[in-house]
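Undergrad: Dropping in model-v4.txt, with compact mmCIF, C-alpha atoms.
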# COMPACT_ATOMS: atom_id res chain seq x y z
CA MET A 1 63.79 -8.28 56.74
CA ASN A 2 61.90 -6.44 59.34
CA PHE A 3 62.13 -2.66 59.24
CA GLY A 4 60.41 -2.26 62.48
CA ARG A 5 57.17 -1.32 60.88
CA SER A 6 55.11 -3.98 62.40
CA THR A 7 56.43 -3.48 65.86
CA GLY A 8 54.36 -0.35 66.54
CA SER A 9 50.65 -0.64 66.87
CA GLY A 10 50.06 1.76 63.88
CA THR A 11 50.68 5.51 64.02
CA PHE A 12 47.63 7.34 65.24
CA ILE A 13 46.86 10.96 64.40
CA PRO A 14 44.21 12.41 66.64
CA THR A 15 41.66 14.00 64.36
CA SER A 16 39.08 14.76 66.96
CA SER A 17 40.35 18.33 67.43
CA MET A 18 40.17 19.16 63.70
CA GLY A 19 36.60 20.25 64.10
CA ASP A 20 37.52 22.63 66.86
CA ILE A 21 40.29 24.10 64.74
CA ALA A 22 38.00 24.57 61.76
CA PHE A 23 35.36 26.26 63.87
CA LEU A 24 37.95 28.44 65.56
CA LEU A 25 39.26 29.59 62.19
CA LEU A 26 35.72 30.20 60.98
CA ILE A 27 34.86 32.25 64.06
CA PHE A 28 38.16 34.13 63.93
CA PHE A 29 37.57 35.26 60.35
CA MET A 30 33.93 36.04 61.00
CA VAL A 31 34.87 38.29 63.89
CA THR A 32 37.78 40.05 62.24
CA THR A 33 36.14 40.69 58.85
CA ILE A 34 35.25 44.31 58.34
CA PHE A 35 33.31 45.28 55.28
CA ARG A 36 34.45 48.58 53.90
CA GLU A 37 31.40 50.68 53.73
CA GLU A 38 30.78 54.24 52.82
CA SER A 39 28.03 55.97 54.67
CA GLY A 40 27.65 58.68 52.04
CA LEU A 41 24.32 60.44 52.10
CA PRO A 42 20.89 58.92 52.48
CA VAL A 43 19.35 58.75 49.05
CA GLU A 44 16.34 57.17 47.46
CA LEU A 45 17.66 55.72 44.25
CA PRO A 46 15.51 55.80 41.15
CA ARG A 47 14.14 52.56 39.76
CA ALA A 48 15.14 51.14 36.41
CA GLU A 49 14.82 47.83 34.64
CA ALA A 50 17.76 47.85 32.28
CA GLY A 51 20.36 48.07 35.06
CA GLU A 52 23.74 46.40 34.63
CA GLU A 53 26.43 45.53 37.10
CA VAL A 54 29.93 46.89 37.11
CA ASN A 55 33.18 45.87 38.66
CA ARG A 56 33.21 47.41 42.11
CA GLU A 57 36.97 47.83 42.08
CA LEU A 58 36.72 50.52 39.44
CA VAL A 59 33.92 52.46 40.99
CA SER A 60 34.10 55.71 42.87
CA ASN A 61 30.85 56.93 44.36
CA ILE A 62 29.36 60.37 44.29
CA TYR A 63 26.34 60.82 46.52
CA ILE A 64 23.90 63.64 45.79
CA ASN A 65 20.88 64.09 47.99
CA ARG A 66 17.60 65.87 47.52
CA GLU A 67 19.00 69.15 48.79
CA GLY A 68 21.77 69.02 46.22
CA GLN A 69 24.53 68.24 48.72
CA ILE A 70 27.38 66.29 47.21
CA SER A 71 29.48 63.73 49.06
CA ILE A 72 32.59 61.95 47.85
CA ASP A 73 34.49 59.55 50.11
CA ASP A 74 32.33 60.46 53.09
CA ARG A 75 33.08 64.15 52.80
CA LEU A 76 30.74 66.88 51.73
CA VAL A 77 32.28 68.67 48.81
CA GLN A 78 31.60 71.73 46.72
CA ILE A 79 31.08 71.35 43.00
CA LYS A 80 34.25 73.29 42.22
CA HIS A 81 36.36 70.75 44.14
CA ILE A 82 35.15 67.77 42.17
CA THR A 83 37.69 68.26 39.38
CA ASP A 84 40.55 68.03 41.89
CA ILE A 85 39.23 64.97 43.70
CA ILE A 86 38.20 63.00 40.64
CA GLY A 87 41.25 64.28 38.74
CA THR A 88 43.61 62.61 41.22
CA LYS A 89 41.56 59.45 41.16
CA ILE A 90 41.50 59.25 37.39
CA SER A 91 45.26 59.74 37.18
CA GLU A 92 45.70 56.79 39.53
CA ASN A 93 43.21 54.68 37.66
CA PRO A 94 42.26 55.72 34.13
CA GLN A 95 39.59 53.02 34.03
CA LEU A 96 37.67 54.73 36.82
CA ILE A 97 33.90 54.62 36.70
CA VAL A 98 32.11 57.36 38.54
CA ALA A 99 28.89 56.11 40.09
CA PHE A 100 26.12 58.56 40.79
CA LYS A 101 24.09 57.67 43.82
CA THR A 102 21.58 60.38 43.37
CA ASP A 103 18.18 60.85 44.91
CA THR A 104 15.23 60.52 42.57
CA TYR A 105 13.96 63.97 43.45
CA THR A 106 17.24 65.82 43.00
CA ASP A 107 17.18 68.52 40.37
CA TYR A 108 18.86 67.27 37.24
CA GLY A 109 20.81 70.54 37.05
CA VAL A 110 23.06 69.45 39.94
CA VAL A 111 23.86 66.14 38.25
CA SER A 112 24.48 67.95 35.00
CA ASP A 113 26.90 70.37 36.70
CA VAL A 114 28.80 67.47 38.24
CA MET A 115 29.02 65.74 34.86
CA GLU A 116 30.42 68.88 33.30
CA GLU A 117 33.17 68.83 35.95
CA LEU A 118 33.84 65.18 35.19
CA LYS A 119 34.20 65.92 31.50
CA GLU A 120 36.86 68.49 32.40
CA VAL A 121 39.09 65.77 33.88
CA ASN A 122 38.11 63.18 31.27
CA ALA A 123 36.27 60.97 33.73
CA VAL A 124 33.92 59.88 31.00
CA ARG A 125 32.69 56.57 32.28
CA VAL A 126 29.72 57.18 34.47
CA PHE A 127 27.25 54.91 36.14
CA PHE A 128 23.83 55.84 37.47
CA ASN A 129 22.97 53.61 40.37
CA ASN A 130 19.42 52.42 40.54
CA ASP A 131 17.48 50.31 42.95
CA LEU A 132 17.67 46.58 42.62
CA GLU A 133 15.02 44.83 40.63
CA GLY A 134 12.07 43.52 42.49
CA SER A 135 12.10 46.18 45.16
CA PRO A 136 8.69 47.63 45.76
CA GLY A 137 7.67 50.87 44.20
CA GLN A 138 7.16 52.26 40.78
CA LYS A 139 9.23 53.82 38.14
CA TYR A 140 9.11 57.51 38.55
CA MET B 1 15.60 -3.78 86.18
CA SER B 2 17.10 -5.85 83.49
CA VAL B 3 17.92 -2.71 81.47
CA MET B 4 20.00 -1.23 84.29
CA LYS B 5 21.96 -4.40 84.66
CA ARG B 6 22.83 -4.56 80.98
CA ARG B 7 24.07 -0.95 80.90
CA LYS B 8 26.58 -1.49 83.63
CA LYS B 9 28.22 -4.24 81.74
CA GLU B 10 28.75 -2.21 78.52
CA PRO B 11 31.74 0.08 78.13
CA MET B 12 31.20 3.89 78.39
CA GLY B 13 29.42 5.30 75.34
CA GLU B 14 31.69 7.59 73.28
CA LEU B 15 30.76 10.45 70.92
CA ARG B 16 32.57 10.18 67.63
CA MET B 17 34.27 13.53 67.15
CA ASP B 18 36.27 12.81 64.00
CA SER B 19 33.46 13.84 61.66
CA THR B 20 32.86 17.27 63.21
CA ALA B 21 35.71 18.62 61.08
CA ASP B 22 33.95 17.46 57.95
CA VAL B 23 30.72 19.01 59.12
CA ALA B 24 32.45 22.31 59.89
CA PHE B 25 34.15 22.41 56.52
CA LEU B 26 30.95 21.48 54.75
CA LEU B 27 29.16 24.35 56.45
CA LEU B 28 32.05 26.68 55.64
CA ILE B 29 32.05 25.68 51.96
CA PHE B 30 28.27 25.90 51.77
CA PHE B 31 28.29 29.47 53.03
CA ILE B 32 31.25 30.48 50.85
CA VAL B 33 29.47 29.19 47.77
CA THR B 34 26.06 30.62 48.55
CA THR B 35 27.19 34.07 49.68
CA ILE B 36 26.30 36.75 47.19
CA PHE B 37 27.41 40.25 47.94
CA ALA B 38 24.69 42.76 47.26
CA ALA B 39 25.62 43.85 43.78
CA GLU B 40 25.03 47.37 42.65
CA GLN B 41 22.89 47.92 39.65
CA GLY B 42 22.78 50.90 37.41
CA LEU B 43 22.90 52.35 33.96
CA THR B 44 26.27 52.93 32.37
CA LEU B 45 27.00 55.83 30.12
CA VAL B 46 30.12 57.17 28.48
CA LEU B 47 30.31 60.93 28.45
CA PRO B 48 31.75 62.68 25.39
CA GLY B 49 34.72 64.05 27.31
CA LYS B 50 36.52 67.26 26.59
CA ALA B 51 36.32 68.06 22.90
CA LYS B 52 39.92 68.86 22.04
CA GLU B 53 39.35 69.58 18.43
CA LYS B 54 36.37 70.40 16.37
CA THR B 55 36.78 67.12 14.53
CA ASP B 56 35.79 65.30 17.70
CA THR B 57 32.24 66.43 17.33
CA VAL B 58 29.99 64.45 15.06
CA LYS B 59 27.35 66.06 12.96
CA VAL B 60 24.07 64.27 12.71
CA LYS B 61 21.37 64.95 10.19
CA GLU B 62 18.33 66.45 11.76
CA SER B 63 16.13 63.77 10.26
CA ASN B 64 18.07 61.16 12.22
CA ILE B 65 17.47 62.79 15.56
CA ALA B 66 14.66 62.03 17.95
CA THR B 67 14.44 64.61 20.69
CA LEU B 68 13.20 63.44 24.03
CA PHE B 69 12.68 66.44 26.26
CA VAL B 70 12.07 66.37 29.99
CA GLN B 71 10.52 69.67 30.92
CA ALA B 72 10.91 71.57 34.18
CA ASP B 73 7.51 70.30 35.32
CA ASN B 74 8.67 66.71 34.64
CA HIS B 75 6.47 66.26 31.62
CA ILE B 76 8.11 64.46 28.73
CA THR B 77 7.80 65.22 25.05
CA LEU B 78 9.09 63.24 22.09
CA ASP B 79 9.65 65.56 19.16
CA ARG B 80 7.37 68.12 20.79
CA LYS B 81 4.54 65.67 21.30
CA PRO B 82 3.68 64.76 24.90
CA ILE B 83 4.43 61.14 25.80
CA GLU B 84 4.11 58.96 28.88
CA VAL B 85 7.23 57.33 30.31
CA ASN B 86 6.01 53.80 29.70
CA HIS B 87 5.28 54.54 26.05
CA ILE B 88 8.79 55.73 25.25
CA GLN B 89 10.19 52.26 24.68
CA ILE B 90 7.63 51.34 22.00
CA ALA B 91 7.82 54.74 20.33
CA ILE B 92 11.60 54.62 20.09
CA GLU B 93 11.59 50.99 18.95
CA ASP B 94 9.27 52.01 16.12
CA ARG B 95 11.49 54.90 15.17
CA LEU B 96 14.57 52.65 15.25
CA LEU B 97 12.93 50.13 12.97
CA SER B 98 12.18 52.72 10.33
CA ASN B 99 15.55 54.41 10.78
CA PRO B 100 18.41 52.39 12.29
CA LYS B 101 20.66 55.43 12.19
CA LEU B 102 18.50 57.18 14.74
CA VAL B 103 20.23 59.16 17.45
CA VAL B 104 18.20 60.01 20.51
CA LEU B 105 18.84 63.41 22.01
CA LEU B 106 17.82 63.34 25.63
CA LYS B 107 17.32 66.93 26.64
CA ILE B 108 16.64 67.62 30.28
CA HIS B 109 15.68 70.84 31.94
CA PRO B 110 17.91 71.52 34.97
CA GLU B 111 14.89 71.83 37.23
CA ALA B 112 13.47 68.48 36.19
CA ASP B 113 13.91 65.59 38.60
CA TYR B 114 16.86 63.25 38.23
CA GLY B 115 14.57 60.21 38.55
CA ARG B 116 12.72 61.31 35.47
CA MET B 117 15.93 61.42 33.45
CA ILE B 118 16.85 57.92 34.67
CA ALA B 119 13.39 56.66 33.74
CA CYS B 120 13.88 58.00 30.20
CA LEU B 121 17.39 56.58 29.95
CA ASP B 122 16.09 53.24 31.17
CA GLU B 123 13.36 53.22 28.51
CA LEU B 124 15.95 54.01 25.86
CA ARG B 125 18.09 51.12 27.06
CA LEU B 126 15.09 48.81 26.93
CA ALA B 127 14.41 50.00 23.39
CA ARG B 128 18.05 49.20 22.53
CA ALA B 129 18.74 52.76 21.45
CA ASN B 130 22.52 52.76 21.71
CA LYS B 131 23.14 56.21 20.36
CA VAL B 132 22.00 58.50 23.10
CA SER B 133 23.17 62.03 23.59
CA LEU B 134 22.57 63.93 26.81
CA LYS B 135 21.91 67.59 26.78
CA THR B 136 20.96 70.00 29.48
CA ALA B 137 18.35 72.49 28.39
CA GLU B 138 18.91 76.12 29.13
CA LYS B 139 16.89 77.74 31.82
Spit out the file's structure as structure tokens when you get a sec.
TA:
Amino acid sequence: MNFGRSTGSGTFIPTSSMGDIAFLLLIFFMVTTIFREESGLPVELPRAEAGEEVNRELVSNIYINREGQISIDDRLVQIKHITDIIGTKISENPQLIVAFKTDTYTDYGVVSDVMEELKEVNAVRVFFNNDLEGSPGQKY
Amino acid sequence: MSVMKRRKKEPMGELRMDSTADVAFLLLIFFIVTTIFAAEQGLTLVLPGKAKEKTDTVKVKESNIATLFVQADNHITLDRKPIEVNHIQIAIEDRLLSNPKLVVLLKIHPEADYGRMIACLDELRLARANKVSLKTAEK
């Protein structure tokens, strides 16, 4: 019984190009990856030691700079418009966490006003971003 | 001369390419595993939300309240006594030990700096004061 197996000299799969394929895939994904990034406003975050991490998926950022300008989703907004913007977001995702990226030297009054607006639309989970541990500088 | 002669006789040297795939994948896996996306750090807080009914508000005995006040000039007082930021943690820890029901009222003047409020909140977190209430002082 010979099924013709031994007649061939063994099937040969060329594996020498595998490396090229792997590198090509690697380079393709490296080139096409775009990290979604918000430019927001330039802020100097306060320093804190007890910082926690939160799930980024749930976070919506509010930038407030030293001059009291407020930016949400890369747009400068007025305080009175925050209820509308965050209201729509919270209806889409009730688990929403509002992250404050606020400059250390901003007047607290601005932050307080924004929080009052958030309470209006029941966006009660807030997050105050602080600088990462180990960065130079002192606690204010 | 003898070296040259010997080389001619040997077959052409060949680079083994079949392991480059393994090397590429190893590199790929190494970078996938070691990549850490810059995580954001911060303090979480749950706001009281819109009080629908009066029953939503909780009354706290005055003796159970510690008032931490950040003044407009960024000076901090704990129950009307001046205190330094880095002493808050110990002071609150002491108060919590003697009274576990303690609620900290963090009162901030609107003209005070935001960083100051975060510093206080951070100290309260470090002191494991879980019951913190935020209040904005009137101008």
Undergrad: Record the distance separating atom CA of B:Thr67 and atom CA of B:Lys107, expressed in Å with one decimal.
TA: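 It comes out at 7.0 Å.
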Undergrad: Using only C-alpha atoms, what residues lie at most 9 Å away from (19.3, 68.1, 32.5) (file coordinates), given as JSON, numbers by chain?
TA: {"A": [107, 108, 109, 110, 111, 112, 113], "B": [70, 106, 107, 108, 109, 110, 111, 112, 113, 114, 117, 134, 135, 136, 137, 138]}
Undergrad: Between A:Lys89, A:Arg75, A:Arg36, A:Lys101, which residue has the minimum interatomic distance to chain B, considering all atoms listed in the file?
TA: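 Ranking A:Lys89, A:Arg75, A:Arg36, A:Lys101 by distance to chain B, first place goes to A:Lys101.
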Undergrad: Mind listing as a compact mmCIF listing (two decimals) with C-alpha atoms, keeping the file's coordinate frame which residues of chain A are within 7 Å of chain B, counting all atoms listed in the file?
TA:
# COMPACT_ATOMS: atom_id res chain seq x y z
CA THR A 15 41.66 14.00 64.36
CA SER A 16 39.08 14.76 66.96
CA MET A 18 40.17 19.16 63.70
CA GLY A 19 36.60 20.25 64.10
CA ALA A 22 38.00 24.57 61.76
CA PHE A 23 35.36 26.26 63.87
CA PRO A 46 15.51 55.80 41.15
CA ALA A 48 15.14 51.14 36.41
CA GLU A 49 14.82 47.83 34.64
CA ALA A 50 17.76 47.85 32.28
CA GLY A 51 20.36 48.07 35.06
CA GLU A 52 23.74 46.40 34.63
CA GLU A 53 26.43 45.53 37.10
CA THR A 104 15.23 60.52 42.57
CA TYR A 105 13.96 63.97 43.45
CA THR A 106 17.24 65.82 43.00
CA ASP A 107 17.18 68.52 40.37
CA TYR A 108 18.86 67.27 37.24
CA GLY A 109 20.81 70.54 37.05
CA SER A 112 24.48 67.95 35.00
CA LYS A 119 34.20 65.92 31.50
CA GLU A 120 36.86 68.49 32.40
CA ASN A 122 38.11 63.18 31.27
CA VAL A 124 33.92 59.88 31.00
CA ARG A 125 32.69 56.57 32.28
CA VAL A 126 29.72 57.18 34.47
CA PHE A 127 27.25 54.91 36.14
CA PHE A 128 23.83 55.84 37.47
CA ASN A 129 22.97 53.61 40.37
CA ASN A 130 19.42 52.42 40.54
CA ASP A 131 17.48 50.31 42.95
CA LEU A 132 17.67 46.58 42.62
CA LYS A 139 9.23 53.82 38.14
CA TYR A 140 9.11 57.51 38.55
Undergrad: Return the padded bounding box of stretch 20-25 of chain A as lines of an AutoDock Vina configuration file: axis-aligned, built from all atoms listed in the file, 8 Å added on each side, with centre and edge lengths in Å to one decimal.
TA:
center_x = 37.8
center_y = 26.1
center_z = 64.3
size_x = 20.9
size_y = 23.0
size_z = 21.1
Undergrad: Residues at most 6 Å from stretch 58-63 of chain A, counting all atoms listed in the file, excluding those fewer than 4 positions away in the same chain, as JSON, numbers by chain?
TA: {"A": [41, 70, 71, 72, 96, 97, 98, 99, 100, 101, 102]}
Undergrad: Please return, as a PyMOL selection string, all polymer residues that have at least one atom within 10 Å of the point (8.7, 64.0, 19.8); use all atoms listed in the file and the file's own coordinate frame.
TA: chain B and resi 65-69+76-83+88+91-92
